[in-house]
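Asker: Contents of coords_32.txt (compact mmCIF, C-alpha atoms) are below:
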# COMPACT_ATOMS: atom_id res chain seq x y z
CA MET A 1384 7.64 75.82 68.78
CA ALA A 1385 11.33 76.52 68.16
CA THR A 1386 12.56 76.31 64.62
CA ALA A 1387 16.03 75.49 63.39
CA SER A 1388 18.10 78.51 62.51
CA PRO A 1389 18.69 78.90 58.81
CA PRO A 1390 22.09 78.18 57.33
CA PHE A 1391 24.41 81.11 57.54
CA ILE A 1392 24.97 82.74 54.17
CA SER A 1393 28.14 84.56 53.43
CA THR A 1394 28.69 86.34 50.15
CA LEU A 1395 32.32 86.86 49.28
CA ASN A 1396 33.28 88.90 46.25
CA PHE A 1397 36.37 87.83 44.35
CA THR A 1398 37.80 88.65 41.01
CA HIS A 1399 39.02 85.72 38.97
CA SER A 1400 42.55 86.65 39.91
CA SER A 1401 41.72 85.89 43.56
CA PHE A 1402 41.82 82.20 42.73
CA LYS A 1403 45.26 82.30 41.18
CA ASN A 1404 48.10 80.80 43.16
CA THR A 1405 50.41 83.73 43.79
CA SER A 1406 53.09 84.36 46.37
CA SER A 1407 51.22 87.28 47.89
CA SER A 1408 47.73 85.80 48.18
CA SER A 1409 45.97 82.52 47.60
CA PHE A 1410 42.40 81.41 48.23
CA SER A 1411 40.49 78.29 47.40
CA PRO A 1412 37.09 77.08 48.64
CA LYS A 1413 38.83 73.76 49.37
CA LEU A 1414 40.61 75.44 52.28
CA LEU A 1415 37.28 75.90 54.03
CA ARG A 1416 36.20 72.27 53.84
CA PRO A 1417 37.74 71.18 57.16
CA LEU A 1418 35.75 73.95 58.81
CA LEU A 1419 32.56 74.46 56.85
CA SER A 1420 29.80 72.52 55.23
CA PHE A 1421 28.95 74.62 52.22
CA SER A 1422 27.71 74.82 48.69
CA VAL A 1423 29.25 77.16 46.14
CA LYS A 1424 27.27 79.19 43.63
CA ALA A 1425 29.61 80.97 41.26
CA SER A 1426 28.96 83.75 38.84
CA ARG A 1427 31.50 85.70 36.82
CA LYS A 1428 32.05 88.24 39.61
CA GLN A 1429 30.81 86.59 42.77
CA VAL A 1430 31.09 83.41 44.85
CA GLU A 1431 28.29 82.70 47.35
CA ILE A 1432 29.23 80.30 50.14
CA VAL A 1433 26.35 78.75 52.08
CA PHE A 1434 27.22 76.70 55.17
CA ASP A 1435 25.67 75.26 58.29
CA PRO A 1436 28.08 75.46 61.26
CA ASP A 1437 26.04 72.98 63.31
CA GLU A 1438 26.88 70.22 60.87
CA ARG A 1439 30.64 70.55 61.18
CA LEU A 1440 31.75 72.20 64.40
CA ASN A 1441 31.74 69.05 66.53
CA LYS A 1442 33.72 67.20 63.89
CA ILE A 1443 36.50 69.80 63.94
CA GLY A 1444 37.65 68.84 67.46
CA ASP A 1445 37.48 65.15 66.62
CA ASP A 1446 39.62 65.62 63.54
CA VAL A 1447 42.18 67.67 65.46
CA ASP A 1448 42.37 65.11 68.28
CA LYS A 1449 42.76 62.31 65.75
CA GLU A 1450 45.67 63.93 63.99
CA ALA A 1451 47.42 65.41 67.03
CA PRO A 1452 49.77 63.19 69.06
CA LEU A 1453 48.41 62.00 72.42
CA SER A 1454 49.91 64.16 75.17
CA ARG A 1455 47.73 63.59 78.26
CA LEU A 1456 45.62 60.89 79.89
CA LYS A 1457 43.30 60.63 82.87
CA LEU A 1458 43.00 57.04 84.08
CA PHE A 1459 41.20 55.15 86.83
CA SER A 1460 43.46 53.01 89.00
CA PRO A 1461 41.26 50.46 90.82
CA CYS A 1462 42.29 48.33 93.76
CA LYS A 1463 41.72 44.61 94.34
CA ILE A 1464 40.63 42.13 96.95
CA ASN A 1465 41.79 38.55 97.51
CA VAL A 1466 38.67 36.41 97.60
CA PHE A 1467 40.85 33.61 98.94
CA LEU A 1468 44.57 33.56 99.67
CA ARG A 1469 46.55 30.41 100.35
CA ILE A 1470 50.26 30.50 101.24
CA THR A 1471 51.68 27.23 99.92
CA GLY A 1472 55.38 27.40 100.77
CA LYS A 1473 58.58 29.38 101.34
CA ARG A 1474 60.88 29.94 98.37
CA GLU A 1475 64.65 29.92 98.22
CA ASP A 1476 64.64 33.60 97.22
CA GLY A 1477 62.95 34.50 100.51
CA PHE A 1478 59.50 35.08 99.03
CA HIS A 1479 56.48 32.86 99.64
CA ASP A 1480 54.51 30.89 97.08
CA LEU A 1481 50.84 31.73 97.07
CA ALA A 1482 47.65 30.75 95.28
CA SER A 1483 44.91 33.35 95.28
CA LEU A 1484 41.79 34.52 93.50
CA PHE A 1485 42.35 38.23 92.86
CA HIS A 1486 39.51 40.47 91.69
CA VAL A 1487 39.47 44.16 90.79
CA ILE A 1488 36.87 46.25 92.61
CA SER A 1489 35.36 49.67 91.96
CA LEU A 1490 37.26 51.61 94.64
CA GLY A 1491 40.24 53.32 93.05
CA ASP A 1492 42.49 56.31 92.57
CA THR A 1493 42.49 58.70 89.62
CA ILE A 1494 45.81 59.51 87.92
CA LYS A 1495 46.47 62.26 85.39
CA PHE A 1496 49.48 61.94 83.09
CA SER A 1497 50.90 64.69 80.87
CA LEU A 1498 54.01 64.75 78.74
CA SER A 1499 56.69 66.87 80.39
CA PRO A 1500 59.16 69.13 78.59
CA SER A 1501 61.82 67.79 80.95
CA LYS A 1502 64.26 65.27 79.52
CA SER A 1503 65.55 64.12 82.87
CA LYS A 1504 62.84 63.87 85.53
CA ASP A 1505 59.22 62.95 86.19
CA ARG A 1506 57.21 65.17 88.52
CA LEU A 1507 54.59 63.56 90.78
CA SER A 1508 52.07 65.37 92.98
CA THR A 1509 49.27 63.97 95.12
CA ASN A 1510 46.29 65.12 97.15
CA VAL A 1511 47.29 63.48 100.46
CA GLN A 1512 50.13 63.65 102.91
CA GLY A 1513 52.30 60.63 103.61
CA VAL A 1514 52.51 59.33 100.05
CA PRO A 1515 56.07 59.61 98.67
CA VAL A 1516 56.42 61.56 95.44
CA ASP A 1517 60.01 60.59 94.68
CA GLY A 1518 61.68 57.41 93.44
CA ARG A 1519 60.17 55.39 96.28
CA ASN A 1520 56.73 55.66 94.70
CA LEU A 1521 55.76 52.75 92.46
CA ILE A 1522 54.48 55.16 89.80
CA ILE A 1523 57.97 56.61 89.37
CA LYS A 1524 59.51 53.13 89.50
CA ALA A 1525 57.11 52.00 86.75
CA LEU A 1526 57.96 54.95 84.50
CA ASN A 1527 61.68 54.36 85.02
CA LEU A 1528 61.16 50.69 84.17
CA TYR A 1529 59.32 51.58 80.97
CA ARG A 1530 62.13 53.87 79.81
CA LYS A 1531 64.73 51.26 80.68
CA LYS A 1532 62.96 48.54 78.69
CA THR A 1533 61.94 50.60 75.64
CA GLY A 1534 64.62 53.27 75.36
CA SER A 1535 61.97 56.01 75.46
CA ASN A 1536 63.21 59.42 76.54
CA ARG A 1537 59.81 60.82 77.52
CA PHE A 1538 59.15 62.08 81.03
CA PHE A 1539 55.85 62.98 82.65
CA TRP A 1540 53.91 65.22 84.97
CA ILE A 1541 51.66 63.02 87.11
CA HIS A 1542 48.95 63.91 89.61
CA LEU A 1543 47.66 61.14 91.87
CA ASP A 1544 44.21 61.67 93.38
CA LYS A 1545 44.42 59.09 96.14
CA LYS A 1546 41.32 57.37 97.50
CA VAL A 1547 42.68 53.88 98.28
CA PRO A 1548 44.33 53.81 101.71
CA THR A 1549 47.82 52.40 102.06
CA GLY A 1550 48.63 49.45 104.32
CA ALA A 1551 45.19 48.08 103.53
CA GLY A 1552 45.86 44.85 101.61
CA LEU A 1553 44.09 46.32 98.58
CA GLY A 1554 47.04 46.67 96.20
CA GLY A 1555 46.56 50.39 95.63
CA GLY A 1556 50.25 51.06 94.94
CA SER A 1557 50.52 48.05 92.63
CA SER A 1558 47.52 49.27 90.67
CA ASN A 1559 49.10 52.73 90.38
CA ALA A 1560 52.24 51.13 88.93
CA ALA A 1561 50.30 49.07 86.38
CA THR A 1562 48.29 52.15 85.40
CA ALA A 1563 51.51 54.14 84.95
CA LEU A 1564 52.99 51.47 82.68
CA TRP A 1565 49.83 51.40 80.56
CA ALA A 1566 49.76 55.22 80.36
CA ALA A 1567 53.43 55.47 79.42
CA ASN A 1568 52.89 52.98 76.61
CA GLN A 1569 49.89 54.92 75.30
CA LEU A 1570 51.75 58.23 75.45
CA ASN A 1571 54.66 56.67 73.56
CA GLY A 1572 52.46 55.44 70.74
CA GLY A 1573 52.04 51.84 71.94
CA LEU A 1574 55.64 50.68 71.56
CA VAL A 1575 55.02 47.31 73.24
CA THR A 1576 52.22 44.86 74.00
CA GLU A 1577 50.29 44.56 77.24
CA LYS A 1578 51.86 41.13 77.71
CA GLU A 1579 55.31 42.72 77.71
CA LEU A 1580 54.16 45.32 80.23
CA GLN A 1581 52.76 42.55 82.40
CA ASP A 1582 55.96 40.51 82.24
CA TRP A 1583 58.19 43.50 83.04
CA SER A 1584 56.00 44.70 85.91
CA SER A 1585 56.93 41.76 88.16
CA GLU A 1586 60.43 43.26 88.46
CA ILE A 1587 59.07 46.02 90.71
CA GLY A 1588 56.15 44.30 92.48
CA SER A 1589 54.55 40.88 92.78
CA ASP A 1590 50.94 42.10 92.60
CA ILE A 1591 51.39 44.46 89.64
CA PRO A 1592 51.04 41.84 86.85
CA PHE A 1593 47.53 40.99 88.06
CA PHE A 1594 46.16 44.37 87.00
CA PHE A 1595 46.95 43.53 83.36
CA SER A 1596 44.34 40.77 83.59
CA HIS A 1597 40.78 41.65 82.67
CA GLY A 1598 39.78 41.97 86.31
CA ALA A 1599 39.63 38.42 87.69
CA ALA A 1600 42.57 36.03 87.85
CA TYR A 1601 43.99 33.02 89.65
CA CYS A 1602 47.49 34.07 90.69
CA THR A 1603 50.33 31.80 91.75
CA GLY A 1604 54.10 31.97 92.27
CA ARG A 1605 54.81 35.22 94.13
CA GLY A 1606 51.58 36.46 92.58
CA GLU A 1607 53.18 37.26 89.24
CA ILE A 1608 51.87 34.15 87.43
CA VAL A 1609 48.45 35.33 86.29
CA GLN A 1610 45.73 33.10 84.85
CA ASP A 1611 42.96 35.30 83.49
CA LEU A 1612 39.46 34.09 84.41
CA PRO A 1613 35.95 34.88 83.21
CA PRO A 1614 34.15 36.98 85.84
CA PRO A 1615 33.17 34.46 88.56
CA PHE A 1616 30.65 36.79 90.27
CA PRO A 1617 27.89 39.16 89.24
CA ILE A 1618 29.50 42.54 88.64
CA ASP A 1619 26.83 44.28 90.70
CA LEU A 1620 27.40 42.10 93.80
CA PRO A 1621 27.85 44.71 96.56
CA MET A 1622 30.44 44.77 99.31
CA VAL A 1623 31.64 47.02 102.09
CA LEU A 1624 35.30 47.70 102.95
CA ILE A 1625 36.16 48.55 106.55
CA LYS A 1626 39.74 49.52 107.37
CA PRO A 1627 40.82 50.66 110.82
CA ARG A 1628 43.19 53.58 111.13
CA GLU A 1629 46.07 51.22 111.90
CA ALA A 1630 47.85 49.62 108.94
CA CYS A 1631 49.46 46.20 108.69
CA SER A 1632 53.08 45.94 107.64
CA THR A 1633 53.23 43.22 104.98
CA ALA A 1634 56.80 42.35 106.00
CA GLU A 1635 55.79 41.96 109.64
CA VAL A 1636 52.77 39.83 108.75
CA TYR A 1637 54.90 37.42 106.71
CA LYS A 1638 57.51 37.39 109.48
CA ARG A 1639 54.89 36.04 111.88
CA LEU A 1640 53.48 33.50 109.42
CA SER A 1641 53.79 29.86 110.45
CA LEU A 1642 53.32 27.54 107.48
CA ASP A 1643 52.31 24.66 109.76
CA GLN A 1644 49.31 26.74 110.89
CA THR A 1645 47.95 27.53 107.43
CA SER A 1646 44.91 25.92 105.83
CA ASN A 1647 45.40 22.52 104.21
CA ILE A 1648 42.65 22.93 101.61
CA ASN A 1649 43.74 22.70 97.99
CA PRO A 1650 43.48 26.17 96.40
CA LEU A 1651 42.27 24.60 93.16
CA THR A 1652 39.35 23.16 95.13
CA LEU A 1653 38.58 26.65 96.40
CA LEU A 1654 38.74 27.98 92.85
CA GLU A 1655 36.41 25.28 91.55
CA ASN A 1656 33.93 25.87 94.37
CA VAL A 1657 33.87 29.64 94.02
CA THR A 1658 33.42 29.56 90.25
CA SER A 1659 30.63 26.99 90.58
CA ASN A 1660 28.83 28.21 93.68
CA GLY A 1661 29.83 31.84 94.23
CA VAL A 1662 31.07 33.47 97.41
CA SER A 1663 30.61 31.80 100.79
CA GLN A 1664 32.38 32.03 104.12
CA SER A 1665 33.97 28.59 103.74
CA ILE A 1666 35.65 29.61 100.47
CA CYS A 1667 37.10 32.91 101.65
CA VAL A 1668 40.20 31.46 103.29
CA ASN A 1669 43.11 33.80 104.03
CA ASP A 1670 46.24 32.24 105.50
CA LEU A 1671 47.55 35.69 106.42
CA GLU A 1672 44.72 36.42 108.85
CA PRO A 1673 46.31 34.71 111.92
CA PRO A 1674 49.67 36.53 111.61
CA ALA A 1675 47.92 39.83 110.77
CA PHE A 1676 45.70 39.43 113.84
CA SER A 1677 48.88 38.85 115.85
CA VAL A 1678 50.34 42.09 114.53
CA LEU A 1679 47.06 43.97 115.09
CA PRO A 1680 44.80 42.24 117.67
CA SER A 1681 42.13 44.93 117.26
CA LEU A 1682 41.66 43.73 113.67
CA LYS A 1683 40.60 40.29 114.90
CA ARG A 1684 38.06 41.90 117.24
CA LEU A 1685 36.72 43.99 114.37
CA LYS A 1686 36.15 40.93 112.19
CA GLN A 1687 34.48 39.05 115.04
CA ARG A 1688 32.14 41.95 115.77
CA ILE A 1689 31.16 42.29 112.11
CA ILE A 1690 30.35 38.58 111.97
CA ALA A 1691 28.35 38.75 115.20
CA SER A 1692 26.36 41.82 114.19
CA GLY A 1693 25.94 40.96 110.50
CA ARG A 1694 22.97 38.64 111.17
CA GLY A 1695 23.36 36.91 107.83
CA GLU A 1696 23.54 40.17 105.89
CA TYR A 1697 26.91 39.20 104.42
CA ASP A 1698 27.73 36.14 102.30
CA ALA A 1699 31.31 36.23 103.58
CA ILE A 1700 33.50 38.36 105.85
CA PHE A 1701 37.28 38.18 105.47
CA MET A 1702 40.53 40.13 105.45
CA SER A 1703 42.00 41.13 102.08
CA GLY A 1704 45.66 40.48 101.39
CA SER A 1705 47.92 41.12 104.35
CA GLY A 1706 45.38 43.53 105.88
CA SER A 1707 44.17 45.66 107.42
CA THR A 1708 40.92 45.85 105.40
CA ILE A 1709 37.98 43.66 106.35
CA VAL A 1710 35.61 42.92 103.45
CA GLY A 1711 31.92 42.11 103.79
CA ILE A 1712 30.47 40.61 100.60
CA GLY A 1713 26.73 40.85 99.99
CA SER A 1714 25.86 44.29 101.38
CA PRO A 1715 27.26 47.80 100.86
CA ASP A 1716 26.40 48.82 104.42
CA PRO A 1717 28.61 48.46 107.52
CA PRO A 1718 27.16 47.23 110.81
CA GLN A 1719 25.62 49.97 112.96
CA PHE A 1720 28.32 49.71 115.65
CA ILE A 1721 30.82 51.18 113.19
CA TYR A 1722 28.86 54.44 113.41
CA ASP A 1723 28.00 54.24 117.10
CA ASP A 1724 31.27 53.23 118.79
CA GLU A 1725 33.90 55.87 119.51
CA GLU A 1726 36.58 53.24 118.81
CA TYR A 1727 35.65 53.18 115.12
CA LYS A 1728 35.06 56.87 114.45
CA ASN A 1729 38.15 57.11 112.21
CA VAL A 1730 37.82 53.90 110.22
CA PHE A 1731 37.93 54.05 106.45
CA LEU A 1732 34.65 52.93 104.86
CA SER A 1733 33.79 52.34 101.25
CA GLU A 1734 31.12 50.47 99.39
CA ALA A 1735 32.26 48.75 96.22
CA ASN A 1736 31.46 46.07 93.69
CA PHE A 1737 33.43 43.83 91.37
CA MET A 1738 34.60 45.23 88.04
CA THR A 1739 36.40 44.14 84.87
CA ARG A 1740 37.85 45.80 81.78
CA GLU A 1741 37.59 45.30 78.04
CA ALA A 1742 40.49 44.09 75.91
CA ASN A 1743 42.87 46.88 74.86
CA GLU A 1744 41.21 49.36 77.20
CA TRP A 1745 42.03 50.38 80.76
CA TYR A 1746 39.59 50.20 83.66
CA LYS A 1747 36.74 52.70 83.50
CA GLU A 1748 35.92 54.84 86.50
CA PRO A 1749 32.47 53.92 87.83
CA ALA A 1750 29.73 56.51 87.64
CA SER A 1751 29.80 57.02 91.40
CA ALA A 1752 32.63 56.45 93.83
CA ASN A 1753 31.62 56.14 97.48
CA ALA A 1754 34.77 56.10 99.57
CA THR A 1755 34.03 57.74 102.92
CA THR A 1756 35.05 57.78 106.51
CA SER A 1757 32.62 56.80 109.25
CA SER A 1758 30.00 59.05 110.81
CA SER A 1759 32.61 61.48 112.14
CA GLU A 1760 33.53 62.32 108.53
CA SER A 1761 37.08 62.89 109.70
CA ARG A 1762 39.89 62.86 107.19
CA MET A 1763 41.82 59.62 106.82
CA ASP A 1764 45.61 59.93 106.81
CA PHE A 1765 47.31 57.77 104.18
CA GLN A 1766 50.41 57.03 106.21
Now, as a test, write the supplied structure out as structure tokens.
Answerer:
Amino acid sequence: MATASPPFISTLNFTHSSFKNTSSSSFSPKLLRPLLSFSVKASRKQVEIVFDPDERLNKIGDDVDKEAPLSRLKLFSPCKINVFLRITGKREDGFHDLASLFHVISLGDTIKFSLSPSKSKDRLSTNVQGVPVDGRNLIIKALNLYRKKTGSNRFFWIHLDKKVPTGAGLGGGSSNAATALWAANQLNGGLVTEKELQDWSSEIGSDIPFFFSHGAAYCTGRGEIVQDLPPPFPIDLPMVLIKPREACSTAEVYKRLSLDQTSNINPLTLLENVTSNGVSQSICVNDLEPPAFSVLPSLKRLKQRIIASGRGEYDAIFMSGSGSTIVGIGSPDPPQFIYDDEEYKNVFLSEANFMTREANEWYKEPASANATTSSSESRMDFQ
């Protein structure tokens, strides 16, 4: 049976003059207290210091981290789905009014932020081709916005580990922007409130304010009016995301939208039903499906095939946002034809579940992330 090692004993010999405060030399047992747990036995000629390093070593790092300014962060940047999405009208500013139940899910990117010595430029890198790393990227736009609003002069090194495909209707870029705003505020000592970050964020994207909710929200206006909701679904409710290689252009989808062909169901009725009864096919209305299917007819065929082959495995099957991701709620597994058919060998697949965050904390990366391609295991381009 192993026994604990005895405390280390160090015997240091000092004359009384060793404890005097002189310009050439100074020593005091107090100087060791941040590092050592010890007892002192003093005689006229000798000081015996007895300490146990196991009692204090772990605390040293904690104390240093507590006192040192925050200089780096690694954050999870989750995406979202629209459980239902109603388009309720066209606005004078050219945007559309919508009413939608947004919910964060466990698929997401990872972003590392570090303070940069530069006083003029952020530097962004990423793990995939096709993602801009200049001022077109919403991360850079978010950091510029933060400096503009707060007067901060801090710039950053950022690395984006991208797992959420673009052109998917999952809000990956919007989440990245919200995460960047939250990180910048943390690395500047919390200059402003989350509410201020949320309000500012709508200047660079309509979906960004949602991510400052706690994970579930009823969003109206352009999407920037966010009503936080208690989680309407079990967090462990599984789903599968299936995105074909082709993306949907949001601008093109809205261009083909005909308001006279949208659903006439009251979105508040949908909200009441979903919070009372959970997910069902009748609740998961998306007014952008018809124009998206016009832009990408193969997407309509994909949804129809999933419905036909699902055999009741899914509670609901629907397109998220403006596409091109099809979501199946109720099972983490895609239908077998996704693996068998050559047509779908390059689709993006991921299982996921709903997730939320605690107040004053950002979203936590789940223990396992299962974003994959189909059986070919070929690499998905994020273009």
Asker: Could you list as a PyMOL selection string every residue that has an atom within 10 Å of (36.2, 28.0, 102.1), using the file's coordinates and counting only C-alpha atoms?
Answerer: chain A and resi 1466-1467+1646+1648+1650+1652-1654+1656-1657+1662-1669+1699
Asker: If you measure from atom CA of A:Ser1659 to atom CA of A:Gly1606, what distance in Å do you get, rounded to one decimal?
Answerer: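 About the pair atom CA of A:Ser1659 and atom CA of A:Gly1606: they are 23.1 Å apart.
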Asker: Find the residues near A:Pro1627: any atom within 9 Å, counting only C-alpha atoms, skip ones fewer than 6 places away on the same chain, and give them as a list in words.
Answerer: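 These residues fall inside the cut-off: Ala1551, Ser1681, Leu1682, Leu1685, Ser1707, Thr1708, Ile1709, Tyr1727, Asn1729, Val1730, Phe1731 and Leu1732 of chain A.
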Asker: Could the residues in this selection be written to a file with C-alpha atoms, as a PDB file, in the coordinates of the input?
Answerer:
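Result written to selection20.pdb:
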ATOM      1  CA  ALA A1551      45.190  48.080 103.530  1.00  0.00           C
ATOM      2  CA  SER A1681      42.130  44.930 117.260  1.00  0.00           C
ATOM      3  CA  LEU A1682      41.660  43.730 113.670  1.00  0.00           C
ATOM      4  CA  LEU A1685      36.720  43.990 114.370  1.00  0.00           C
ATOM      5  CA  SER A1707      44.170  45.660 107.420  1.00  0.00           C
ATOM      6  CA  THR A1708      40.920  45.850 105.400  1.00  0.00           C
ATOM      7  CA  ILE A1709      37.980  43.660 106.350  1.00  0.00           C
ATOM      8  CA  TYR A1727      35.650  53.180 115.120  1.00  0.00           C
ATOM      9  CA  ASN A1729      38.150  57.110 112.210  1.00  0.00           C
ATOM     10  CA  VAL A1730      37.820  53.900 110.220  1.00  0.00           C
ATOM     11  CA  PHE A1731      37.930  54.050 106.450  1.00  0.00           C
ATOM     12  CA  LEU A1732      34.650  52.930 104.860  1.00  0.00           C
TER      13      LEU A1732
END
Asker: In Å, with one decimal, what is the gap from atom CA of A:Ile1541 to atom CA of A:Thr1576?
Answerer: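 Separation of atom CA of A:Ile1541 and atom CA of A:Thr1576: 22.4 Å.
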Asker: Just want the 10 Å neighbourhood of A:Ile1464, counted on only C-alpha atoms, with same-chain residues fewer than 5 positions away dropped. Output as JSON, numbers by chain.
Answerer: {"A": [1483, 1484, 1485, 1486, 1487, 1488, 1551, 1552, 1553, 1554, 1624, 1701, 1702, 1703, 1704, 1708, 1709, 1710, 1737]}
Asker: So how many Å separate atom CA of A:Ile1522 and atom CA of A:Asn1736, to one decimal?
Answerer: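 Pair atom CA of A:Ile1522 / atom CA of A:Asn1736 returns 25.1 Å.
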Asker: Looking at all atoms listed in the file, which of A:Thr1471, A:Ser1677, A:Thr1509, A:Asn1520 is the one that sits closest to A:Ser1632?
Answerer: A:Ser1677
Asker: Residues near A:Arg1455, anyone? I mean within 8 Å using only C-alpha atoms, not counting same-chain ones fewer than 2 positions away, as JSON, numbers by chain.
Answerer: {"A": [1453, 1457, 1495, 1496, 1497, 1498, 1570]}
Asker: Which one of A:Lys1747, A:Lys1473, A:Lys1463, A:Arg1684 sits closest to A:Asp1590 if you count all atoms listed in the file?
Answerer: A:Lys1463
Asker: Nearest to A:Ser1489: which of A:Asn1568, A:Thr1739, A:Ser1454, A:Gln1719 is it, counting all atoms listed in the file?
Answerer: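 The shortest atom-to-atom distance to A:Ser1489 comes from A:Thr1739.
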Asker: In the coordinate frame of the file, compute which residues have an atom within 10 Å of (45.7, 41.4, 76.8) when using only C-alpha atoms, and state them as a PyMOL selection string.
Answerer: chain A and resi 1576-1581+1595-1597+1611+1741-1744
Asker: Contacts of A:Ile1587 at 10 Å or less, counting only C-alpha atoms, minus same-chain residues fewer than 4 places along, as a list in words?
Answerer: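 Listed by chain and then number, they are Leu1521, Lys1524, Ala1525, Leu1528, Ser1557, Ala1560, Trp1583, Ile1591 and Pro1592 of chain A.
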